[in-house]
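Reproduced below: upload-v1.tsv, with TSV, C-alpha atoms.
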```tsv
chain	number	residue	atom	x	y	z
A	1488	MET	CA	94.91	112.88	29.03
A	1489	SER	CA	93.68	111.29	32.27
A	1490	THR	CA	93.41	113.15	35.62
A	1491	SER	CA	96.58	111.42	36.85
A	1492	GLY	CA	98.55	113.05	34.04
A	1493	GLU	CA	99.16	109.72	32.24
A	1494	TYR	CA	97.99	108.96	28.73
A	1495	PRO	CA	95.57	106.03	28.37
A	1496	PRO	CA	97.12	102.93	26.78
A	1497	VAL	CA	97.03	103.05	22.98
A	1498	ARG	CA	95.09	100.21	21.49
A	1499	GLN	CA	96.78	98.72	18.46
A	1500	CYS	CA	96.26	95.81	16.11
A	1501	PHE	CA	97.42	92.49	17.59
A	1502	ASN	CA	99.51	91.96	14.48
A	1503	GLN	CA	102.85	93.38	15.66
A	1504	TYR	CA	103.79	94.31	12.10
A	1505	CYS	CA	100.62	96.28	11.50
A	1506	PRO	CA	100.71	99.95	12.58
A	1507	SER	CA	96.94	100.41	12.46
A	1508	SER	CA	95.02	101.41	15.57
A	1509	PHE	CA	91.73	102.22	13.82
A	1510	ASP	CA	88.58	100.18	13.32
A	1511	LEU	CA	89.77	97.47	15.68
A	1512	LYS	CA	87.65	94.34	15.92
A	1513	VAL	CA	87.52	91.73	18.65
A	1514	ALA	CA	88.48	88.18	17.73
A	1515	ASN	CA	88.58	85.03	19.87
A	1516	PHE	CA	91.98	83.39	20.17
A	1517	SER	CA	92.47	80.35	22.38
A	1518	ASP	CA	90.97	81.27	25.81
A	1519	SER	CA	91.29	85.03	25.30
A	1520	THR	CA	90.33	87.81	22.90
A	1521	ILE	CA	92.55	89.90	20.65
A	1522	LEU	CA	92.07	93.17	18.75
A	1523	LEU	CA	92.70	93.27	15.03
A	1524	CYS	CA	92.28	95.98	12.43
A	1525	GLY	CA	89.81	95.38	9.62
A	1526	THR	CA	92.39	93.99	7.18
A	1527	CYS	CA	94.07	91.70	9.69
A	1528	TYR	CA	90.69	90.61	11.05
A	1529	GLU	CA	89.64	89.38	7.58
A	1530	LEU	CA	92.91	87.45	7.24
A	1531	TYR	CA	92.36	85.93	10.69
A	1532	LYS	CA	88.80	84.89	9.83
A	1533	ARG	CA	90.13	83.10	6.73
A	1534	ARG	CA	92.70	81.36	8.95
A	1535	LYS	CA	95.56	83.12	7.24
A	1536	CYS	CA	97.55	83.01	10.44
A	1537	CYS	CA	99.74	80.76	12.51
A	1538	TYR	CA	97.45	78.46	14.47
A	1539	PHE	CA	99.56	78.73	17.62
A	1540	CYS	CA	100.40	82.44	17.88
A	1541	ALA	CA	97.73	84.05	15.64
A	1542	GLN	CA	100.31	85.98	13.59
A	1543	VAL	CA	98.45	86.82	10.40
A	1544	TYR	CA	100.04	86.78	6.95
A	1545	LYS	CA	99.37	87.66	3.34
A	1546	ASP	CA	100.43	85.23	0.64
A	1547	ASP	CA	102.19	87.97	-1.32
A	1548	GLU	CA	104.39	89.15	1.57
A	1549	GLN	CA	108.01	88.04	1.55
A	1550	ASN	CA	108.66	85.85	4.64
A	1551	PHE	CA	105.27	87.08	5.86
A	1552	LEU	CA	107.00	90.16	7.32
A	1553	ASP	CA	108.35	88.53	10.49
A	1554	GLY	CA	111.31	86.73	8.87
A	1555	LYS	CA	110.57	83.49	10.75
A	1556	LYS	CA	110.45	80.04	9.20
A	1557	TRP	CA	107.02	78.92	8.11
A	1558	VAL	CA	105.80	75.57	6.78
A	1559	GLN	CA	102.87	75.09	4.42
A	1560	CYS	CA	100.24	72.38	4.81
A	1561	ASP	CA	100.62	69.66	2.15
A	1562	ASN	CA	96.86	69.20	1.91
A	1563	GLN	CA	96.09	70.70	-1.51
A	1564	ARG	CA	92.67	71.89	-0.35
A	1565	CYS	CA	94.26	73.73	2.57
A	1566	GLY	CA	97.71	75.22	1.92
A	1567	LYS	CA	97.78	77.18	5.20
A	1568	TRP	CA	101.06	78.21	6.80
A	1569	THR	CA	102.34	77.69	10.36
A	1570	HIS	CA	105.44	78.85	12.21
A	1571	ILE	CA	107.90	75.98	12.44
A	1572	ASP	CA	109.02	77.20	15.88
A	1573	CYS	CA	105.43	77.27	17.11
A	1574	GLU	CA	104.65	73.67	16.15
A	1575	VAL	CA	104.24	71.33	19.11
A	1576	SER	CA	106.36	68.64	17.47
A	1577	ASP	CA	109.90	68.97	16.15
A	1578	ILE	CA	109.12	68.92	12.44
A	1579	GLU	CA	112.16	70.81	11.11
A	1580	SER	CA	114.21	67.61	10.86
A	1581	GLN	CA	111.30	65.74	9.30
A	1582	LEU	CA	110.97	68.40	6.61
A	1583	GLN	CA	114.33	67.25	5.23
A	1584	HIS	CA	112.70	64.01	4.08
A	1585	LYS	CA	110.92	64.26	0.73
A	1586	SER	CA	108.35	61.64	1.78
A	1587	PHE	CA	107.22	63.73	4.79
A	1588	LYS	CA	103.81	65.34	4.33
A	1589	TYR	CA	103.03	68.15	6.74
A	1590	LYS	CA	99.47	68.52	7.96
A	1591	CYS	CA	98.60	71.79	9.68
A	1592	PRO	CA	96.74	71.84	13.04
A	1593	TRP	CA	93.41	72.66	11.37
A	1594	CYS	CA	93.64	69.61	9.11
A	1595	ARG	CA	94.72	67.41	12.02
A	1596	ILE	CA	91.73	68.56	14.09
A	1597	GLU	CA	89.37	67.96	11.16
A	1598	LYS	CA	90.80	64.47	10.64
A	1599	ASP	CA	90.28	63.62	14.33
A	1600	LYS	CA	86.65	64.81	14.17
A	1601	LYS	CA	85.91	62.66	11.11
A	1602	LYS	CA	87.59	59.66	12.72
A	1603	LYS	CA	85.43	59.96	15.85
A	1604	GLN	CA	82.25	60.34	13.79
A	1605	SER	CA	83.02	57.30	11.63
A	1606	GLN	CA	83.81	54.89	14.49
A	1607	PRO	CA	81.19	52.09	14.76
A	1608	THR	CA	79.30	51.49	18.01
A	1609	LYS	CA	81.21	49.09	20.20
A	1610	SER	CA	78.62	48.28	22.84
A	1611	LEU	CA	79.36	44.54	22.67
A	1612	ILE	CA	83.12	44.96	22.92
A	1613	ASN	CA	84.87	45.98	26.13
A	1614	GLN	CA	87.12	49.05	26.17
A	1615	ASP	CA	90.36	47.05	25.86
A	1616	GLN	CA	89.04	45.36	22.76
A	1617	ALA	CA	87.82	48.70	21.41
A	1618	ASP	CA	91.28	50.22	21.82
A	1619	GLN	CA	92.83	47.27	20.02
A	1620	SER	CA	90.26	47.36	17.23
A	1621	ASP	CA	91.05	51.02	16.52
A	1622	GLN	CA	94.62	50.06	15.68
A	1623	ASP	CA	94.13	46.59	14.15
A	1624	PRO	CA	91.53	46.15	11.35
A	1625	GLU	CA	92.22	42.40	11.28
A	1626	TYR	CA	91.12	42.19	14.93
A	1627	VAL	CA	87.75	43.76	14.02
A	1628	HIS	CA	87.39	41.26	11.17
A	1629	SER	CA	88.10	38.32	13.51
A	1630	LEU	CA	85.44	39.55	15.99
A	1631	THR	CA	82.86	39.82	13.20
A	1632	LYS	CA	83.74	36.33	11.94
A	1633	LYS	CA	83.47	34.90	15.48
A	1634	ALA	CA	80.02	36.50	15.98
A	1635	SER	CA	78.80	35.05	12.66
A	1636	LEU	CA	80.10	31.59	13.61
A	1637	GLU	CA	78.37	31.71	17.01
A	1638	GLU	CA	75.11	32.74	15.35
A	1639	ALA	CA	75.39	29.82	12.91
A	1640	ILE	CA	75.98	27.35	15.78
A	1641	VAL	CA	72.92	28.63	17.67
A	1642	GLN	CA	70.80	28.35	14.55
A	1643	GLN	CA	72.09	24.82	13.89
A	1644	ASN	CA	71.24	23.69	17.43
A	1645	TYR	CA	67.74	25.14	17.47
A	1646	GLU	CA	66.72	24.41	13.89
A	1647	PRO	CA	65.61	20.77	14.56
A	1648	TRP	CA	63.51	21.95	17.51
A	1649	LEU	CA	61.93	24.66	15.37
A	1650	LYS	CA	61.17	22.17	12.62
A	1651	LYS	CA	59.63	19.74	15.10
A	1652	ASN	CA	57.57	22.52	16.66
A	1653	THR	CA	56.30	23.55	13.24
A	1654	PHE	CA	55.52	19.90	12.41
A	1655	LEU	CA	53.40	19.52	15.56
A	1656	GLU	CA	51.54	22.72	14.77
A	1657	GLU	CA	50.72	21.40	11.30
A	1658	LEU	CA	49.46	18.12	12.75
A	1659	LEU	CA	47.26	19.94	15.25
A	1660	LYS	CA	45.77	22.09	12.51
A	1661	LYS	CA	45.03	19.00	10.47
A	1662	TYR	CA	43.64	16.72	13.18
A	1663	GLY	CA	42.29	19.19	15.75
A	1664	GLU	CA	43.68	20.75	18.89
A	1665	PHE	CA	43.96	19.20	22.34
A	1666	THR	CA	41.43	19.84	25.07
A	1667	GLN	CA	42.06	23.07	26.97
A	1668	CYS	CA	40.35	22.28	30.34
A	1669	ILE	CA	40.84	18.60	31.05
A	1670	ASN	CA	40.04	15.98	33.65
A	1671	GLN	CA	41.81	12.61	34.08
A	1672	GLU	CA	39.92	10.88	31.25
A	1673	GLU	CA	40.49	13.78	28.83
A	1674	LEU	CA	44.20	13.82	29.71
A	1675	GLN	CA	44.48	10.11	28.87
A	1676	SER	CA	42.61	10.75	25.62
A	1677	ASP	CA	44.96	13.59	24.68
A	1678	LEU	CA	48.04	11.47	25.40
A	1679	VAL	CA	46.74	8.72	23.13
A	1680	LYS	CA	45.98	11.31	20.47
A	1681	MET	CA	49.50	12.78	20.74
A	1682	ARG	CA	51.13	9.36	20.40
A	1683	THR	CA	49.00	8.65	17.35
A	1684	LEU	CA	49.94	11.98	15.72
A	1685	LEU	CA	53.68	11.49	16.33
A	1686	LYS	CA	53.56	7.99	14.77
A	1687	LYS	CA	52.09	9.34	11.51
```
Any chance you could give the structure as C-alpha coordinates?
Amino acid sequence: MSTSGEYPPVRQCFNQYCPSSFDLKVANFSDSTILLCGTCYELYKRRKCCYFCAQVYKDDEQNFLDGKKWVQCDNQRCGKWTHIDCEVSDIESQLQHKSFKYKCPWCRIEKDKKKKQSQPTKSLINQDQADQSDQDPEYVHSLTKKASLEEAIVQQNYEPWLKKNTFLEELLKKYGEFTQCINQEELQSDLVKMRTLLKK
(Lines of atoms letter the chains of each structure in order from A and count residues from 1; the text may use other names and numbers.)
(Lines give C-alpha, C1' and ligand atoms only; values in the text may rest on other atoms or scores of the structure.)
Protein backbone atom coordinates (compact mmCIF):
# COMPACT_ATOMS: atom_id res chain seq x y z
CA MET A 1 0.00 0.00 0.00
CA SER A 2 1.27 3.50 -0.83
CA THR A 3 1.87 6.26 1.77
CA SER A 4 -1.36 7.98 0.70
CA GLY A 5 -3.34 4.91 1.75
CA GLU A 6 -4.31 4.04 -1.85
CA TYR A 7 -3.39 0.80 -3.58
CA PRO A 8 -1.23 1.13 -6.70
CA PRO A 9 -3.11 0.43 -9.96
CA VAL A 10 -3.21 -3.27 -10.81
CA ARG A 11 -1.58 -4.05 -14.09
CA GLN A 12 -3.55 -6.55 -16.13
CA CYS A 13 -3.40 -8.10 -19.57
CA PHE A 14 -4.73 -5.78 -22.29
CA ASN A 15 -7.02 -8.59 -23.40
CA GLN A 16 -10.17 -7.70 -21.43
CA TYR A 17 -11.23 -11.35 -21.35
CA CYS A 18 -7.94 -12.53 -19.89
CA PRO A 19 -7.68 -12.42 -16.06
CA SER A 20 -3.90 -12.78 -15.99
CA SER A 21 -1.74 -10.09 -14.43
CA PHE A 22 1.51 -12.09 -14.38
CA ASP A 23 4.44 -12.15 -16.76
CA LEU A 24 3.17 -9.14 -18.67
CA LYS A 25 5.05 -8.18 -21.81
CA VAL A 26 5.12 -4.88 -23.66
CA ALA A 27 3.83 -4.83 -27.23
CA ASN A 28 3.60 -1.96 -29.72
CA PHE A 29 0.10 -1.15 -30.91
CA SER A 30 -0.52 1.79 -33.24
CA ASP A 31 1.24 4.81 -31.63
CA SER A 32 1.19 3.37 -28.10
CA THR A 33 2.24 0.31 -26.11
CA ILE A 34 0.08 -2.32 -24.46
CA LEU A 35 0.71 -5.00 -21.83
CA LEU A 36 -0.11 -8.61 -22.62
CA CYS A 37 0.39 -11.82 -20.69
CA GLY A 38 2.65 -14.47 -22.20
CA THR A 39 -0.16 -16.39 -23.92
CA CYS A 40 -1.88 -13.32 -25.35
CA TYR A 41 1.46 -11.84 -26.36
CA GLU A 42 2.23 -14.91 -28.51
CA LEU A 43 -1.20 -14.64 -30.16
CA TYR A 44 -0.59 -10.94 -30.80
CA LYS A 45 2.83 -11.62 -32.35
CA ARG A 46 1.19 -14.12 -34.74
CA ARG A 47 -1.38 -11.45 -35.62
CA LYS A 48 -4.18 -13.46 -34.09
CA CYS A 49 -6.00 -10.27 -33.21
CA CYS A 50 -8.25 -7.63 -34.67
CA TYR A 51 -6.04 -5.23 -36.60
CA PHE A 52 -7.96 -2.18 -35.35
CA CYS A 53 -8.48 -2.85 -31.63
CA ALA A 54 -5.82 -5.51 -30.89
CA GLN A 55 -8.34 -7.90 -29.31
CA VAL A 56 -6.59 -11.26 -29.48
CA TYR A 57 -8.37 -14.53 -30.23
CA LYS A 58 -7.82 -18.26 -30.35
CA ASP A 59 -9.22 -20.22 -33.27
CA ASP A 60 -10.86 -22.76 -30.97
CA GLU A 61 -12.80 -20.19 -28.90
CA GLN A 62 -16.49 -19.82 -29.65
CA ASN A 63 -17.15 -16.25 -30.93
CA PHE A 64 -13.60 -15.49 -29.75
CA LEU A 65 -15.01 -14.81 -26.25
CA ASP A 66 -16.30 -11.29 -26.91
CA GLY A 67 -19.48 -12.31 -28.78
CA LYS A 68 -18.90 -9.68 -31.49
CA LYS A 69 -19.15 -10.30 -35.22
CA TRP A 70 -15.88 -11.19 -36.88
CA VAL A 71 -15.00 -11.65 -40.56
CA GLN A 72 -12.25 -13.90 -41.88
CA CYS A 73 -9.82 -12.92 -44.63
CA ASP A 74 -10.56 -14.79 -47.88
CA ASN A 75 -6.87 -15.02 -48.73
CA GLN A 76 -6.17 -18.74 -48.21
CA ARG A 77 -2.61 -18.03 -47.08
CA CYS A 78 -3.89 -15.63 -44.43
CA GLY A 79 -7.24 -16.52 -42.85
CA LYS A 80 -6.97 -13.85 -40.13
CA TRP A 81 -10.07 -12.46 -38.43
CA THR A 82 -11.19 -8.84 -37.93
CA HIS A 83 -14.08 -7.25 -36.06
CA ILE A 84 -16.76 -6.22 -38.55
CA ASP A 85 -17.59 -3.18 -36.41
CA CYS A 86 -13.94 -2.11 -36.35
CA GLU A 87 -13.50 -2.15 -40.14
CA VAL A 88 -13.12 1.29 -41.69
CA SER A 89 -15.54 0.46 -44.50
CA ASP A 90 -19.10 -0.79 -44.20
CA ILE A 91 -18.53 -4.39 -45.24
CA GLU A 92 -21.47 -6.05 -43.48
CA SER A 93 -23.79 -5.41 -46.44
CA GLN A 94 -21.12 -6.54 -48.89
CA LEU A 95 -20.73 -9.83 -47.04
CA GLN A 96 -24.24 -10.77 -48.19
CA HIS A 97 -22.93 -11.10 -51.75
CA LYS A 98 -21.32 -14.45 -52.51
CA SER A 99 -18.92 -12.86 -55.00
CA PHE A 100 -17.46 -10.52 -52.34
CA LYS A 101 -13.96 -11.48 -51.22
CA TYR A 102 -12.84 -9.89 -47.97
CA LYS A 103 -9.20 -8.92 -47.63
CA CYS A 104 -7.98 -8.12 -44.13
CA PRO A 105 -5.95 -4.95 -43.40
CA TRP A 106 -2.65 -6.88 -43.33
CA CYS A 107 -3.25 -8.27 -46.82
CA ARG A 108 -4.34 -4.86 -48.11
CA ILE A 109 -1.16 -3.26 -46.75
CA GLU A 110 0.99 -6.01 -48.28
CA LYS A 111 -0.74 -5.58 -51.65
CA ASP A 112 -0.10 -1.81 -51.59
CA LYS A 113 3.60 -2.38 -50.81
CA LYS A 114 4.00 -4.81 -53.71
CA LYS A 115 2.17 -2.44 -56.05
CA LYS A 116 4.52 0.44 -55.17
CA GLN A 117 7.61 -1.75 -55.61
CA SER A 118 6.49 -3.04 -59.01
CA GLN A 119 5.66 0.37 -60.54
CA PRO A 120 8.06 1.25 -63.41
CA THR A 121 10.06 4.49 -63.34
CA LYS A 122 8.09 7.28 -64.94
CA SER A 123 10.75 9.96 -65.29
CA LEU A 124 9.71 10.77 -68.87
CA ILE A 125 6.00 11.01 -68.06
CA ASN A 126 4.52 13.92 -66.11
CA GLN A 127 2.52 13.25 -62.94
CA ASP A 128 -0.87 13.56 -64.65
CA GLN A 129 0.14 10.96 -67.18
CA ALA A 130 1.54 8.76 -64.41
CA ASP A 131 -1.76 8.87 -62.53
CA GLN A 132 -3.63 7.93 -65.68
CA SER A 133 -1.21 5.13 -66.53
CA ASP A 134 -1.75 3.54 -63.11
CA GLN A 135 -5.42 3.09 -63.92
CA ASP A 136 -5.29 2.47 -67.69
CA PRO A 137 -2.89 -0.20 -69.05
CA GLU A 138 -3.88 0.71 -72.63
CA TYR A 139 -2.61 4.25 -72.01
CA VAL A 140 0.83 2.87 -71.03
CA HIS A 141 0.83 0.74 -74.19
CA SER A 142 0.01 3.78 -76.37
CA LEU A 143 2.90 5.77 -74.80
CA THR A 144 5.33 2.92 -75.47
CA LYS A 145 4.11 2.62 -79.07
CA LYS A 146 4.46 6.40 -79.59
CA ALA A 147 8.05 6.37 -78.23
CA SER A 148 8.97 3.49 -80.58
CA LEU A 149 7.45 5.33 -83.55
CA GLU A 150 9.36 8.53 -82.74
CA GLU A 151 12.60 6.56 -82.46
CA ALA A 152 11.95 4.95 -85.87
CA ILE A 153 11.33 8.38 -87.47
CA VAL A 154 14.58 9.78 -86.04
CA GLN A 155 16.50 6.77 -87.28
CA GLN A 156 14.90 7.07 -90.73
CA ASN A 157 15.85 10.76 -91.01
CA TYR A 158 19.45 10.31 -89.92
CA GLU A 159 20.21 7.00 -91.62
CA PRO A 160 21.06 8.54 -95.05
CA TRP A 161 23.40 11.03 -93.37
CA LEU A 162 25.08 8.22 -91.44
CA LYS A 163 25.49 6.17 -94.60
CA LYS A 164 26.97 9.14 -96.45
CA ASN A 165 29.32 9.87 -93.57
CA THR A 166 30.47 6.26 -93.55
CA PHE A 167 30.92 6.37 -97.35
CA LEU A 168 33.17 9.44 -97.12
CA GLU A 169 35.24 7.80 -94.40
CA GLU A 170 35.76 4.76 -96.61
CA LEU A 171 36.83 6.95 -99.53
CA LEU A 172 39.30 8.83 -97.35
CA LYS A 173 40.80 5.59 -96.10
CA LYS A 174 41.18 4.38 -99.66
CA TYR A 175 42.54 7.54 -101.29
CA GLY A 176 44.22 9.35 -98.40
CA GLU A 177 43.12 12.04 -95.98
CA PHE A 178 42.90 15.77 -96.58
CA THR A 179 45.62 18.17 -95.51
CA GLN A 180 45.36 19.20 -91.86
CA CYS A 181 47.18 22.61 -91.93
CA ILE A 182 46.44 24.25 -95.25
CA ASN A 183 47.16 27.40 -97.20
CA GLN A 184 45.15 28.73 -100.18
CA GLU A 185 46.74 26.37 -102.73
CA GLU A 186 46.27 23.31 -100.49
CA LEU A 187 42.63 24.27 -99.90
CA GLN A 188 42.01 24.41 -103.66
CA SER A 189 43.75 21.05 -104.02
CA ASP A 190 41.59 19.49 -101.31
CA LEU A 191 38.39 20.83 -102.89
CA VAL A 192 39.34 19.29 -106.23
CA LYS A 193 40.17 16.04 -104.47
CA MET A 194 36.79 16.04 -102.67
CA ARG A 195 34.88 16.63 -105.90
CA THR A 196 36.78 13.80 -107.54
CA LEU A 197 36.02 11.41 -104.66
CA LEU A 198 32.29 12.24 -104.64
CA LYS A 199 32.05 11.61 -108.42
CA LYS A 200 33.45 8.08 -108.07
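Note that atom CA of A:Asp1577 and atom CA of A:Cys1591 are 13.3 Å apart.
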Please identify all polymer residues within 9 Å of A:Cys1560, counting only C-alpha atoms, omitting same-chain residues fewer than 3 positions from it, and present them as a short mmCIF file (atom, residue, chain, number, x, y, z; two decimals) with C-alpha atoms, in the frame of the given file.
```cif
data_model
loop_
_atom_site.label_atom_id
_atom_site.label_comp_id
_atom_site.auth_asym_id
_atom_site.auth_seq_id
_atom_site.Cartn_x
_atom_site.Cartn_y
_atom_site.Cartn_z
CA GLN A 1563 96.09 70.70 -1.51
CA CYS A 1565 94.26 73.73 2.57
CA GLY A 1566 97.71 75.22 1.92
CA LYS A 1567 97.78 77.18 5.20
CA TRP A 1568 101.06 78.21 6.80
CA THR A 1569 102.34 77.69 10.36
CA LYS A 1588 103.81 65.34 4.33
CA TYR A 1589 103.03 68.15 6.74
CA LYS A 1590 99.47 68.52 7.96
CA CYS A 1591 98.60 71.79 9.68
CA PRO A 1592 96.74 71.84 13.04
CA CYS A 1594 93.64 69.61 9.11
#
```
With 5 Å on each side, where is the centre of the axis-aligned box around all listed atoms of stretch 1503-1517 of chain A, and how long are its edges in Å to one decimal, as JSON?
```
{"center_x": 95.7, "center_y": 91.3, "center_z": 16.9, "size_x": 26.3, "size_y": 31.9, "size_z": 20.9}
```
Would you mind reading off the distance between atom CA of A:Lys1555 and atom CA of A:Cys1573, one decimal, in Å?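 Calculated distance between atom CA of A:Lys1555 and atom CA of A:Cys1573 is 10.3 Å.
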Record the distance separating atom CA of A:Tyr1544 and atom CA of A:Lys1598, expressed in Å with one decimal.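 It comes out at 24.4 Å.
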Which polymer residues have any atom within 10 Å of an atom of stretch 1515-1527 of chain A, counting only C-alpha atoms, with same-chain residues fewer than 6 positions away left out, as a ChimeraX atom specification? /A:1498-1502,1505-1509,1533,1535-1536,1538-1545
Spatial neighbours of stretch 1579-1585 of chain A, max dist 9 Å, all atoms listed in the file, sep filter under 6 positions, as a ChimeraX atom specification: /A:1558,1571-1572
